[in-house]
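*Asks:* Got a structure for you, questions after.
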Amino acid sequence: MHQGRVVFGAIEEVVFGHPAAGAIVAQMDRLGTRRAFLMVSGTLNRQTDEIAKITQALGERCAGLFDAMPAHTPREAVIAATEAAREADADLIVTVGGGSITDGAKAVQLCLANDIGDIEGIERIRVHKSVAPKMNAPTVRQISVPTTIAGGEFSATAGVTERSKHVKQMLRHPLIVPRATILDPAITVHTPEWLFLSTGIRAVDHCVEAICSRETHPYADAQSVKGLAMLADALPRVKADPADLDARMDAQIGTWLSMGALAAGVPMGASHGIGYVLGAAFDVPHGYTSCIMLPAVMRWNARDNAERQMIVAAAMGYPGHDAADVLDAFIRSLGMPRSLADVRVSPQHFDAIAEQAMRTNWIPRNPRKIDGPADVREILLLAA
C-alpha cells in the first residue's frame, strides 16, 4: 500500500505562452502590488531590449532594478540586492533570468523579513543539518520569469554560496516559492545554447532521480515520466532550430513537470548531492553537473533499482535499453560535457568532494545506500 504526503505549496499561478511584459503587469494587477523591484540578468539588461520592454510596461510601478547576481548566488550579492530592495521600498520582487537570480530573490525575501543586513546574518536563516530554523515569513513575495530551465522557480528552497568556505548552503521556507511563474519561450531565445540545454539536463535529472527514488509514488511518477518524455523530445528540437518557440515551450512545460515530484516530497539522489559540491567548490554550472554526474550515478545505482531505471529508458523512447547508456548518448547528442575532466575536476580532488557530498541533504536519500565517502568516490571515478 502506498503511503506518503503531498503538500500543495504557495504557487498560485503558472502562466505559459504569453509575452512576459504584459503577463507581469497582469500579475501586479491581480496581486494589488505597486512597487516592483526587478532582479534581472545583467546580460539581458545590457545586450537586449527585453528588460526595457518590461520596465516600460510597468512605468512608475518599477521601483528599482538589480542586475548583478553572479552564478551560484553568493551571499555578498544577496545582501547587495536586499539593501537595494529595502531602499526601493518594494512590495514585490520580479525576477527575469536564470536560477541564480531566482534563488537570489528567494534569499532576499527572507533577508527582508528577518532584518538581515550582512553576510553573517544569512547564517541565521540557512538550513542546518536538514532543519530550517524558525524565522519570520516573507511578506514581500516574488514572481518569476525564468530564462533557463533548471526549475528553481517551482521550489521553496534556494541555494546560496558562502564563498569563504566554497560551500553552497540551503535556505527553505514555504513562502519563498514565487507566487506566480511566467513561462515565455520568446524571452529564452537570448539564453546561450549551452546554458539552455544544460539546464534542460538539470530538469531531466529532477525527473530521473525522482523516478528512481525509493520514496516515489504514483502522483510524482505521473509528472516525472511525462516531464522526462517532453524534455527528451523538446531539447533536440531546440538544438536543431533555436528559433522553434514550440520546442522551447515544450521544454519549459517539461521542466515545470520535472519539479512536481520534489514538491510532492520525493527526494533527489547522489547526482544532486555531488552536483551541489561541484558547483560551490569548483564553479561548475549546475546544468553541467547533471550532464556529468547523472549517467554515473545511474550506473552505480543500477544494482538496486534496475526496474525503476527501465521506466526512465522507456520514457526517453528506448524501452528495454540501459538507462545510463540512453542518458549518456542523449547528453552527448546535445554537445554537453560528459566527464569531470571536461570541467577540469581531477581525481586529486575526489576525496575532498566525497567528504563534502556526504554533508549534503540528498546523499542520504540516494536509492542505493551510500555508506561513506568511499562510495561517493566510486561514483566520481565512473564520471572521471
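Just remember, in the C-alpha cells the first chain shown is A, the second B, etc., residues are 1-based per chain, and ligands are 1-based in the order shown.
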Would you pick out the contacts of Ile101 of chain A at 8 Å or less, using only C-alpha atoms, so that residues sharing its chain but fewer than 2 positions from it are not included, and give the list as a list in words?
*Replies:*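 Near neighbours after the sequence-gap exclusion: Met39, Val40, Ser41, Met69, Thr73, Thr95, Val96, Gly97, Gly98, Gly99, Asp103, Gly104 and Ala105 of chain A.
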*Asks:* Go ahead and dump the residues you just picked, N, CA, C and O atoms, as a PDB file, in the first residue's frame.
*Replies:*
```pdb
ATOM      1  N   MET A  39      14.843  41.987 -10.237  1.00  0.00           N
ATOM      2  CA  MET A  39      16.145  41.331 -10.177  1.00  0.00           C
ATOM      3  C   MET A  39      16.296  40.583 -11.496  1.00  0.00           C
ATOM      4  O   MET A  39      15.551  39.630 -11.763  1.00  0.00           O
ATOM      5  N   VAL A  40      17.249  41.026 -12.337  1.00  0.00           N
ATOM      6  CA  VAL A  40      17.282  40.571 -13.725  1.00  0.00           C
ATOM      7  C   VAL A  40      18.693  40.173 -14.149  1.00  0.00           C
ATOM      8  O   VAL A  40      19.687  40.554 -13.525  1.00  0.00           O
ATOM      9  N   SER A  41      18.753  39.433 -15.230  1.00  0.00           N
ATOM     10  CA  SER A  41      20.020  39.076 -15.857  1.00  0.00           C
ATOM     11  C   SER A  41      20.732  40.329 -16.367  1.00  0.00           C
ATOM     12  O   SER A  41      20.151  41.123 -17.114  1.00  0.00           O
ATOM     13  N   MET A  69      23.713  39.720 -10.093  1.00  0.00           N
ATOM     14  CA  MET A  69      23.749  38.455  -9.351  1.00  0.00           C
ATOM     15  C   MET A  69      24.626  37.459 -10.094  1.00  0.00           C
ATOM     16  O   MET A  69      24.267  36.997 -11.180  1.00  0.00           O
ATOM     17  N   THR A  73      24.804  32.325  -6.755  1.00  0.00           N
ATOM     18  CA  THR A  73      24.129  33.141  -5.744  1.00  0.00           C
ATOM     19  C   THR A  73      24.981  33.353  -4.488  1.00  0.00           C
ATOM     20  O   THR A  73      24.643  32.874  -3.401  1.00  0.00           O
ATOM     21  N   THR A  95      11.650  38.535 -10.832  1.00  0.00           N
ATOM     22  CA  THR A  95      12.916  38.044 -11.371  1.00  0.00           C
ATOM     23  C   THR A  95      12.759  37.717 -12.851  1.00  0.00           C
ATOM     24  O   THR A  95      11.752  37.149 -13.271  1.00  0.00           O
ATOM     25  N   VAL A  96      13.775  38.095 -13.609  1.00  0.00           N
ATOM     26  CA  VAL A  96      13.847  37.760 -15.034  1.00  0.00           C
ATOM     27  C   VAL A  96      15.264  37.261 -15.278  1.00  0.00           C
ATOM     28  O   VAL A  96      16.214  38.047 -15.328  1.00  0.00           O
ATOM     29  N   GLY A  97      15.428  35.945 -15.386  1.00  0.00           N
ATOM     30  CA  GLY A  97      16.773  35.404 -15.568  1.00  0.00           C
ATOM     31  C   GLY A  97      16.836  33.947 -15.177  1.00  0.00           C
ATOM     32  O   GLY A  97      15.817  33.263 -15.084  1.00  0.00           O
ATOM     33  N   GLY A  98      18.049  33.482 -14.917  1.00  0.00           N
ATOM     34  CA  GLY A  98      18.294  32.078 -14.618  1.00  0.00           C
ATOM     35  C   GLY A  98      18.148  31.743 -13.148  1.00  0.00           C
ATOM     36  O   GLY A  98      17.697  32.554 -12.328  1.00  0.00           O
ATOM     37  N   GLY A  99      18.568  30.535 -12.800  1.00  0.00           N
ATOM     38  CA  GLY A  99      18.352  30.012 -11.457  1.00  0.00           C
ATOM     39  C   GLY A  99      19.043  30.780 -10.357  1.00  0.00           C
ATOM     40  O   GLY A  99      18.517  30.877  -9.241  1.00  0.00           O
ATOM     41  N   ASP A 103      16.969  32.116  -7.222  1.00  0.00           N
ATOM     42  CA  ASP A 103      17.353  31.771  -5.854  1.00  0.00           C
ATOM     43  C   ASP A 103      17.739  33.024  -5.070  1.00  0.00           C
ATOM     44  O   ASP A 103      17.442  33.132  -3.871  1.00  0.00           O
ATOM     45  N   GLY A 104      18.404  33.959  -5.737  1.00  0.00           N
ATOM     46  CA  GLY A 104      18.792  35.194  -5.060  1.00  0.00           C
ATOM     47  C   GLY A 104      17.587  35.932  -4.515  1.00  0.00           C
ATOM     48  O   GLY A 104      17.600  36.434  -3.375  1.00  0.00           O
ATOM     49  N   ALA A 105      16.521  35.997  -5.305  1.00  0.00           N
ATOM     50  CA  ALA A 105      15.315  36.690  -4.849  1.00  0.00           C
ATOM     51  C   ALA A 105      14.638  35.946  -3.702  1.00  0.00           C
ATOM     52  O   ALA A 105      14.077  36.567  -2.789  1.00  0.00           O
TER      53      ALA A 105
END
```
*Asks:* Taking 2 positions as the minimum chain separation for residues in the same chain, which residues sit within 9 Å of Ile54 of chain A when counting only C-alpha atoms? Answer as a short mmCIF file (atom, residue, chain, number, x, y, z; two decimals) with all heavy atoms, in the first residue's frame.
*Replies:*
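Output file selection.cif follows:
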```
data_model
loop_
_atom_site.label_atom_id
_atom_site.label_comp_id
_atom_site.auth_asym_id
_atom_site.auth_seq_id
_atom_site.Cartn_x
_atom_site.Cartn_y
_atom_site.Cartn_z
N ALA A 20 6.16 38.15 -21.65
CA ALA A 20 6.49 38.41 -20.24
C ALA A 20 6.01 39.76 -19.76
O ALA A 20 5.44 39.88 -18.66
CB ALA A 20 8.00 38.27 -20.04
N ALA A 21 6.26 40.84 -20.53
CA ALA A 21 5.96 42.19 -20.05
C ALA A 21 4.48 42.33 -19.67
O ALA A 21 4.14 42.79 -18.57
CB ALA A 21 6.35 43.22 -21.10
N GLY A 22 3.59 41.93 -20.57
CA GLY A 22 2.17 42.03 -20.28
C GLY A 22 1.74 41.12 -19.15
O GLY A 22 0.87 41.49 -18.34
N ILE A 24 3.55 40.19 -16.55
CA ILE A 24 3.99 40.77 -15.27
C ILE A 24 3.01 41.84 -14.82
O ILE A 24 2.59 41.89 -13.65
CB ILE A 24 5.41 41.34 -15.40
CG1 ILE A 24 6.44 40.22 -15.58
CG2 ILE A 24 5.77 42.17 -14.15
CD1 ILE A 24 7.82 40.70 -16.00
N VAL A 25 2.61 42.72 -15.74
CA VAL A 25 1.64 43.77 -15.41
C VAL A 25 0.33 43.14 -14.92
O VAL A 25 -0.26 43.57 -13.90
CB VAL A 25 1.39 44.69 -16.62
CG1 VAL A 25 0.22 45.63 -16.36
CG2 VAL A 25 2.65 45.47 -16.96
N ASP A 49 16.67 44.25 -25.52
CA ASP A 49 15.67 45.23 -25.09
C ASP A 49 14.57 44.59 -24.23
O ASP A 49 13.55 45.24 -23.95
CB ASP A 49 15.04 45.93 -26.30
CG ASP A 49 14.24 44.96 -27.19
OD1 ASP A 49 14.32 43.73 -26.97
OD2 ASP A 49 13.54 45.45 -28.10
N GLU A 50 14.80 43.34 -23.80
CA GLU A 50 13.74 42.63 -23.06
C GLU A 50 13.42 43.31 -21.73
O GLU A 50 12.24 43.43 -21.36
CB GLU A 50 14.14 41.17 -22.82
CG GLU A 50 14.36 40.35 -24.08
CD GLU A 50 13.08 40.06 -24.86
OE1 GLU A 50 11.98 40.42 -24.37
OE2 GLU A 50 13.17 39.48 -25.95
N ILE A 51 14.44 43.74 -21.01
CA ILE A 51 14.18 44.36 -19.70
C ILE A 51 13.57 45.75 -19.90
O ILE A 51 12.67 46.15 -19.15
CB ILE A 51 15.48 44.43 -18.86
CG1 ILE A 51 16.10 43.03 -18.72
CG2 ILE A 51 15.19 45.04 -17.49
CD1 ILE A 51 15.20 41.96 -18.14
N ALA A 52 14.02 46.45 -20.92
CA ALA A 52 13.43 47.76 -21.22
C ALA A 52 11.94 47.63 -21.52
O ALA A 52 11.13 48.47 -21.10
CB ALA A 52 14.16 48.42 -22.39
N GLN A 56 9.23 49.55 -19.24
CA GLN A 56 8.28 50.47 -19.90
C GLN A 56 6.84 50.05 -19.63
O GLN A 56 5.97 50.90 -19.38
CB GLN A 56 8.56 50.51 -21.41
CG GLN A 56 9.82 51.29 -21.78
CD GLN A 56 10.32 50.98 -23.19
OE1 GLN A 56 9.58 50.42 -24.00
NE2 GLN A 56 11.57 51.33 -23.46
N ALA A 57 6.58 48.76 -19.65
CA ALA A 57 5.22 48.28 -19.38
C ALA A 57 4.81 48.57 -17.94
O ALA A 57 3.64 48.89 -17.67
CB ALA A 57 5.12 46.78 -19.67
N LEU A 58 5.78 48.50 -17.03
CA LEU A 58 5.48 48.76 -15.61
C LEU A 58 5.35 50.25 -15.31
O LEU A 58 4.61 50.64 -14.41
CB LEU A 58 6.58 48.15 -14.72
CG LEU A 58 6.64 46.63 -14.65
CD1 LEU A 58 7.85 46.19 -13.84
CD2 LEU A 58 5.36 46.06 -14.02
N GLY A 59 6.10 51.07 -16.04
CA GLY A 59 6.04 52.51 -15.80
C GLY A 59 6.46 52.85 -14.38
O GLY A 59 7.48 52.35 -13.88
N CYS A 62 7.68 50.34 -11.53
CA CYS A 62 9.04 49.79 -11.40
C CYS A 62 9.79 50.63 -10.38
O CYS A 62 10.16 51.78 -10.64
CB CYS A 62 9.75 49.81 -12.75
SG CYS A 62 11.44 49.17 -12.66
#
```
*Asks:* Using DSSP secondary structure from the backbone, list all strand (DSSP E or B) positions within segment 178-212 of chain A, as a list in words.
*Replies:* Ala180, Thr181, Ile182 and Leu183 of chain A
*Asks:* Write the residues of the preceding selection, restricted to all heavy atoms, as a PDB file, in the first residue's frame.
*Replies:*
```pdb
ATOM      1  N   ALA A 180       3.795  33.436  -8.582  1.00  0.00           N
ATOM      2  CA  ALA A 180       3.442  33.114  -9.965  1.00  0.00           C
ATOM      3  C   ALA A 180       4.715  32.951 -10.774  1.00  0.00           C
ATOM      4  O   ALA A 180       5.711  33.647 -10.538  1.00  0.00           O
ATOM      5  CB  ALA A 180       2.567  34.213 -10.576  1.00  0.00           C
ATOM      6  N   THR A 181       4.682  32.032 -11.722  1.00  0.00           N
ATOM      7  CA  THR A 181       5.777  31.857 -12.674  1.00  0.00           C
ATOM      8  C   THR A 181       5.221  32.073 -14.077  1.00  0.00           C
ATOM      9  O   THR A 181       4.147  31.565 -14.411  1.00  0.00           O
ATOM     10  CB  THR A 181       6.421  30.472 -12.529  1.00  0.00           C
ATOM     11  OG1 THR A 181       7.157  30.432 -11.302  1.00  0.00           O
ATOM     12  CG2 THR A 181       7.363  30.171 -13.672  1.00  0.00           C
ATOM     13  N   ILE A 182       5.957  32.839 -14.873  1.00  0.00           N
ATOM     14  CA  ILE A 182       5.549  33.186 -16.235  1.00  0.00           C
ATOM     15  C   ILE A 182       6.514  32.506 -17.198  1.00  0.00           C
ATOM     16  O   ILE A 182       7.718  32.802 -17.192  1.00  0.00           O
ATOM     17  CB  ILE A 182       5.564  34.721 -16.426  1.00  0.00           C
ATOM     18  CG1 ILE A 182       4.528  35.375 -15.502  1.00  0.00           C
ATOM     19  CG2 ILE A 182       5.326  35.092 -17.890  1.00  0.00           C
ATOM     20  CD1 ILE A 182       4.766  36.855 -15.265  1.00  0.00           C
ATOM     21  N   LEU A 183       6.012  31.571 -17.983  1.00  0.00           N
ATOM     22  CA  LEU A 183       6.839  30.843 -18.947  1.00  0.00           C
ATOM     23  C   LEU A 183       6.634  31.470 -20.323  1.00  0.00           C
ATOM     24  O   LEU A 183       5.610  31.237 -20.973  1.00  0.00           O
ATOM     25  CB  LEU A 183       6.461  29.359 -18.960  1.00  0.00           C
ATOM     26  CG  LEU A 183       6.582  28.615 -17.623  1.00  0.00           C
ATOM     27  CD1 LEU A 183       6.130  27.164 -17.777  1.00  0.00           C
ATOM     28  CD2 LEU A 183       8.004  28.687 -17.075  1.00  0.00           C
TER      29      LEU A 183
END
```
*Asks:* Atom CA of Ile143 of chain A and atom CA of Ala68 of chain A are how many Å apart?
*Replies:*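 Distance between the two atoms: 18.4 Å.
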*Asks:* Quick one: everything within 10 Å of Asn366 of chain A, counting only C-alpha atoms, minus sequence neighbours fewer than 6 positions away in the same chain. Send it as a list of chain:residue names.
*Replies:*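 These residues fall inside the cut-off: A:Glu209, A:Cys212, A:Ser213, A:Arg214, A:Glu215, A:Pro267, A:Met268, A:Gly269, A:Ala270, A:Ser271, A:His272, A:Gly273, A:Val297, A:Asn301.
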*Asks:* Atom CA of Ala10 of chain A and atom CA of Gly287 of chain A are how many Å apart?
*Replies:*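 The value is 25.9 Å.
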*Asks:* Near Leu340 of chain A, counting only C-alpha atoms, which residues have an atom at most 9 Å away, once you skip same-chain residues fewer than 5 positions from it, shown as a list in words?
*Replies:* Thr289, Ile292, Met293, Val345, Ser346, Pro347, Leu380, Ala383 and Ala384 of chain A
*Asks:* Could you save those same residues with all heavy atoms as a PDB file, in the first residue's frame?
*Replies:*
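Dumped everything to again_7.pdb:
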```
ATOM      1  N   THR A 289      26.784  19.946 -14.030  1.00  0.00           N
ATOM      2  CA  THR A 289      26.959  18.908 -13.003  1.00  0.00           C
ATOM      3  C   THR A 289      26.033  17.726 -13.288  1.00  0.00           C
ATOM      4  O   THR A 289      26.428  16.570 -13.124  1.00  0.00           O
ATOM      5  CB  THR A 289      26.706  19.452 -11.583  1.00  0.00           C
ATOM      6  OG1 THR A 289      25.333  19.785 -11.405  1.00  0.00           O
ATOM      7  CG2 THR A 289      27.578  20.657 -11.279  1.00  0.00           C
ATOM      8  N   ILE A 292      27.227  15.569 -16.276  1.00  0.00           N
ATOM      9  CA  ILE A 292      28.383  14.728 -15.972  1.00  0.00           C
ATOM     10  C   ILE A 292      28.031  13.613 -14.987  1.00  0.00           C
ATOM     11  O   ILE A 292      28.416  12.454 -15.174  1.00  0.00           O
ATOM     12  CB  ILE A 292      29.526  15.605 -15.407  1.00  0.00           C
ATOM     13  CG1 ILE A 292      30.057  16.523 -16.511  1.00  0.00           C
ATOM     14  CG2 ILE A 292      30.640  14.752 -14.803  1.00  0.00           C
ATOM     15  CD1 ILE A 292      30.852  17.704 -15.983  1.00  0.00           C
ATOM     16  N   MET A 293      27.262  13.961 -13.939  1.00  0.00           N
ATOM     17  CA  MET A 293      27.078  13.014 -12.842  1.00  0.00           C
ATOM     18  C   MET A 293      25.904  12.056 -13.038  1.00  0.00           C
ATOM     19  O   MET A 293      25.945  10.923 -12.552  1.00  0.00           O
ATOM     20  CB  MET A 293      26.890  13.764 -11.517  1.00  0.00           C
ATOM     21  CG  MET A 293      28.109  14.537 -11.047  1.00  0.00           C
ATOM     22  SD  MET A 293      29.685  13.608 -11.086  1.00  0.00           S
ATOM     23  CE  MET A 293      29.261  12.105 -10.218  1.00  0.00           C
ATOM     24  N   VAL A 345      37.989  19.028 -13.286  1.00  0.00           N
ATOM     25  CA  VAL A 345      37.984  18.454 -11.943  1.00  0.00           C
ATOM     26  C   VAL A 345      38.720  17.121 -12.040  1.00  0.00           C
ATOM     27  O   VAL A 345      38.308  16.228 -12.770  1.00  0.00           O
ATOM     28  CB  VAL A 345      36.550  18.241 -11.416  1.00  0.00           C
ATOM     29  CG1 VAL A 345      36.583  17.551 -10.052  1.00  0.00           C
ATOM     30  CG2 VAL A 345      35.810  19.572 -11.321  1.00  0.00           C
ATOM     31  N   SER A 346      39.837  17.002 -11.318  1.00  0.00           N
ATOM     32  CA  SER A 346      40.703  15.829 -11.469  1.00  0.00           C
ATOM     33  C   SER A 346      40.601  14.906 -10.252  1.00  0.00           C
ATOM     34  O   SER A 346      40.119  15.310  -9.187  1.00  0.00           O
ATOM     35  CB  SER A 346      42.155  16.277 -11.658  1.00  0.00           C
ATOM     36  OG  SER A 346      42.617  16.942 -10.501  1.00  0.00           O
ATOM     37  N   PRO A 347      41.077  13.654 -10.400  1.00  0.00           N
ATOM     38  CA  PRO A 347      40.980  12.695  -9.290  1.00  0.00           C
ATOM     39  C   PRO A 347      41.615  13.162  -7.986  1.00  0.00           C
ATOM     40  O   PRO A 347      41.205  12.701  -6.913  1.00  0.00           O
ATOM     41  CB  PRO A 347      41.697  11.454  -9.854  1.00  0.00           C
ATOM     42  CG  PRO A 347      41.455  11.530 -11.333  1.00  0.00           C
ATOM     43  CD  PRO A 347      41.529  13.004 -11.660  1.00  0.00           C
ATOM     44  N   LEU A 380      32.348   9.045  -8.484  1.00  0.00           N
ATOM     45  CA  LEU A 380      33.187  10.050  -9.137  1.00  0.00           C
ATOM     46  C   LEU A 380      34.122   9.393 -10.162  1.00  0.00           C
ATOM     47  O   LEU A 380      34.339   9.947 -11.250  1.00  0.00           O
ATOM     48  CB  LEU A 380      33.994  10.828  -8.102  1.00  0.00           C
ATOM     49  CG  LEU A 380      33.185  11.732  -7.151  1.00  0.00           C
ATOM     50  CD1 LEU A 380      34.049  12.226  -6.004  1.00  0.00           C
ATOM     51  CD2 LEU A 380      32.601  12.921  -7.920  1.00  0.00           C
ATOM     52  N   ALA A 383      32.583   8.870 -13.351  1.00  0.00           N
ATOM     53  CA  ALA A 383      32.373  10.114 -14.110  1.00  0.00           C
ATOM     54  C   ALA A 383      33.685  10.799 -14.496  1.00  0.00           C
ATOM     55  O   ALA A 383      33.660  11.859 -15.110  1.00  0.00           O
ATOM     56  CB  ALA A 383      31.530  11.087 -13.282  1.00  0.00           C
ATOM     57  N   ALA A 384      34.800  10.180 -14.162  1.00  0.00           N
ATOM     58  CA  ALA A 384      36.097  10.843 -14.366  1.00  0.00           C
ATOM     59  C   ALA A 384      36.398  11.103 -15.821  1.00  0.00           C
ATOM     60  O   ALA A 384      37.078  12.056 -16.169  1.00  0.00           O
ATOM     61  CB  ALA A 384      37.214  10.006 -13.732  1.00  0.00           C
TER      62      ALA A 384
END
```
*Asks:* Using only C-alpha atoms, which protein or nucleic acid residues come within 12 Å of Ala81 of chain A? Drop anything in the same chain fewer than 2 positions from it, and give the result as a ChimeraX atom specification.
*Replies:* /A:37-40,64-70,73-79,83-88,90,93,95,101,103-112,116-119
*Asks:* Please extract the residues of segment 27-211 of chain A with a backbone DSSP assignment of alpha helix (DSSP H) and present them as a VMD selection string.
*Replies:* chain A and resid 27 to 31 42 to 47 50 to 58 75 to 88 99 to 113 193 to 211
*Asks:* Keeping C-alpha atoms for every residue in the selection just given, could you write it to a file as a PDB file, in the first residue's frame?
*Replies:*
```pdb
ATOM      1  CA  GLN A  27       0.127  39.691 -12.156  1.00  0.00           C
ATOM      2  CA  MET A  28       0.716  43.023 -10.393  1.00  0.00           C
ATOM      3  CA  ASP A  29      -2.891  43.946 -11.088  1.00  0.00           C
ATOM      4  CA  ARG A  30      -4.025  40.604  -9.668  1.00  0.00           C
ATOM      5  CA  LEU A  31      -1.855  40.921  -6.569  1.00  0.00           C
ATOM      6  CA  GLY A  42      22.776  41.613 -16.491  1.00  0.00           C
ATOM      7  CA  THR A  43      23.271  40.246 -19.993  1.00  0.00           C
ATOM      8  CA  LEU A  44      19.576  40.553 -20.824  1.00  0.00           C
ATOM      9  CA  ASN A  45      19.553  44.075 -19.418  1.00  0.00           C
ATOM     10  CA  ARG A  46      22.639  45.306 -21.257  1.00  0.00           C
ATOM     11  CA  GLN A  47      22.509  43.392 -24.543  1.00  0.00           C
ATOM     12  CA  GLU A  50      13.741  42.629 -23.062  1.00  0.00           C
ATOM     13  CA  ILE A  51      14.184  44.360 -19.704  1.00  0.00           C
ATOM     14  CA  ALA A  52      13.430  47.764 -21.223  1.00  0.00           C
ATOM     15  CA  LYS A  53      10.149  46.338 -22.535  1.00  0.00           C
ATOM     16  CA  ILE A  54       9.253  45.218 -19.017  1.00  0.00           C
ATOM     17  CA  THR A  55      10.238  48.481 -17.298  1.00  0.00           C
ATOM     18  CA  GLN A  56       8.283  50.465 -19.897  1.00  0.00           C
ATOM     19  CA  ALA A  57       5.220  48.279 -19.382  1.00  0.00           C
ATOM     20  CA  LEU A  58       5.479  48.757 -15.611  1.00  0.00           C
ATOM     21  CA  ARG A  75      25.958  35.761  -0.050  1.00  0.00           C
ATOM     22  CA  GLU A  76      27.550  39.101  -0.899  1.00  0.00           C
ATOM     23  CA  ALA A  77      25.263  39.657  -3.890  1.00  0.00           C
ATOM     24  CA  VAL A  78      22.214  38.576  -1.889  1.00  0.00           C
ATOM     25  CA  ILE A  79      22.955  41.268   0.698  1.00  0.00           C
ATOM     26  CA  ALA A  80      23.551  43.898  -2.010  1.00  0.00           C
ATOM     27  CA  ALA A  81      20.202  43.044  -3.615  1.00  0.00           C
ATOM     28  CA  THR A  82      18.471  43.068  -0.223  1.00  0.00           C
ATOM     29  CA  GLU A  83      19.744  46.572   0.519  1.00  0.00           C
ATOM     30  CA  ALA A  84      18.592  47.788  -2.897  1.00  0.00           C
ATOM     31  CA  ALA A  85      15.130  46.251  -2.406  1.00  0.00           C
ATOM     32  CA  ARG A  86      14.866  47.890   1.037  1.00  0.00           C
ATOM     33  CA  GLU A  87      15.858  51.229  -0.438  1.00  0.00           C
ATOM     34  CA  ALA A  88      13.219  50.833  -3.161  1.00  0.00           C
ATOM     35  CA  GLY A  99      18.352  30.012 -11.457  1.00  0.00           C
ATOM     36  CA  SER A 100      20.933  32.079  -9.603  1.00  0.00           C
ATOM     37  CA  ILE A 101      18.702  35.154  -9.891  1.00  0.00           C
ATOM     38  CA  THR A 102      15.581  33.190  -8.916  1.00  0.00           C
ATOM     39  CA  ASP A 103      17.353  31.771  -5.854  1.00  0.00           C
ATOM     40  CA  GLY A 104      18.792  35.194  -5.060  1.00  0.00           C
ATOM     41  CA  ALA A 105      15.315  36.690  -4.849  1.00  0.00           C
ATOM     42  CA  LYS A 106      14.141  33.856  -2.612  1.00  0.00           C
ATOM     43  CA  ALA A 107      17.003  34.689  -0.258  1.00  0.00           C
ATOM     44  CA  VAL A 108      16.235  38.418  -0.455  1.00  0.00           C
ATOM     45  CA  GLN A 109      12.646  37.717   0.656  1.00  0.00           C
ATOM     46  CA  LEU A 110      13.941  36.069   3.825  1.00  0.00           C
ATOM     47  CA  CYS A 111      16.594  38.736   4.437  1.00  0.00           C
ATOM     48  CA  LEU A 112      13.971  41.485   4.200  1.00  0.00           C
ATOM     49  CA  ALA A 113      11.603  39.691   6.564  1.00  0.00           C
ATOM     50  CA  GLU A 193      22.616  27.465 -26.178  1.00  0.00           C
ATOM     51  CA  TRP A 194      24.933  25.696 -23.709  1.00  0.00           C
ATOM     52  CA  LEU A 195      23.049  27.228 -20.781  1.00  0.00           C
ATOM     53  CA  PHE A 196      19.541  26.474 -22.034  1.00  0.00           C
ATOM     54  CA  LEU A 197      20.359  22.882 -22.983  1.00  0.00           C
ATOM     55  CA  SER A 198      22.444  22.099 -19.898  1.00  0.00           C
ATOM     56  CA  THR A 199      19.770  23.431 -17.557  1.00  0.00           C
ATOM     57  CA  GLY A 200      17.390  21.221 -19.537  1.00  0.00           C
ATOM     58  CA  ILE A 201      19.516  18.276 -18.439  1.00  0.00           C
ATOM     59  CA  ARG A 202      19.152  19.575 -14.884  1.00  0.00           C
ATOM     60  CA  ALA A 203      15.387  19.215 -15.365  1.00  0.00           C
ATOM     61  CA  VAL A 204      15.958  15.722 -16.818  1.00  0.00           C
ATOM     62  CA  ASP A 205      17.953  14.979 -13.650  1.00  0.00           C
ATOM     63  CA  HIS A 206      14.960  16.007 -11.488  1.00  0.00           C
ATOM     64  CA  CYS A 207      12.718  13.602 -13.410  1.00  0.00           C
ATOM     65  CA  VAL A 208      15.188  10.733 -13.425  1.00  0.00           C
ATOM     66  CA  GLU A 209      16.207  10.900  -9.769  1.00  0.00           C
ATOM     67  CA  ALA A 210      12.535  11.156  -8.773  1.00  0.00           C
ATOM     68  CA  ILE A 211      11.510   8.150 -10.905  1.00  0.00           C
TER      69      ILE A 211
END
```
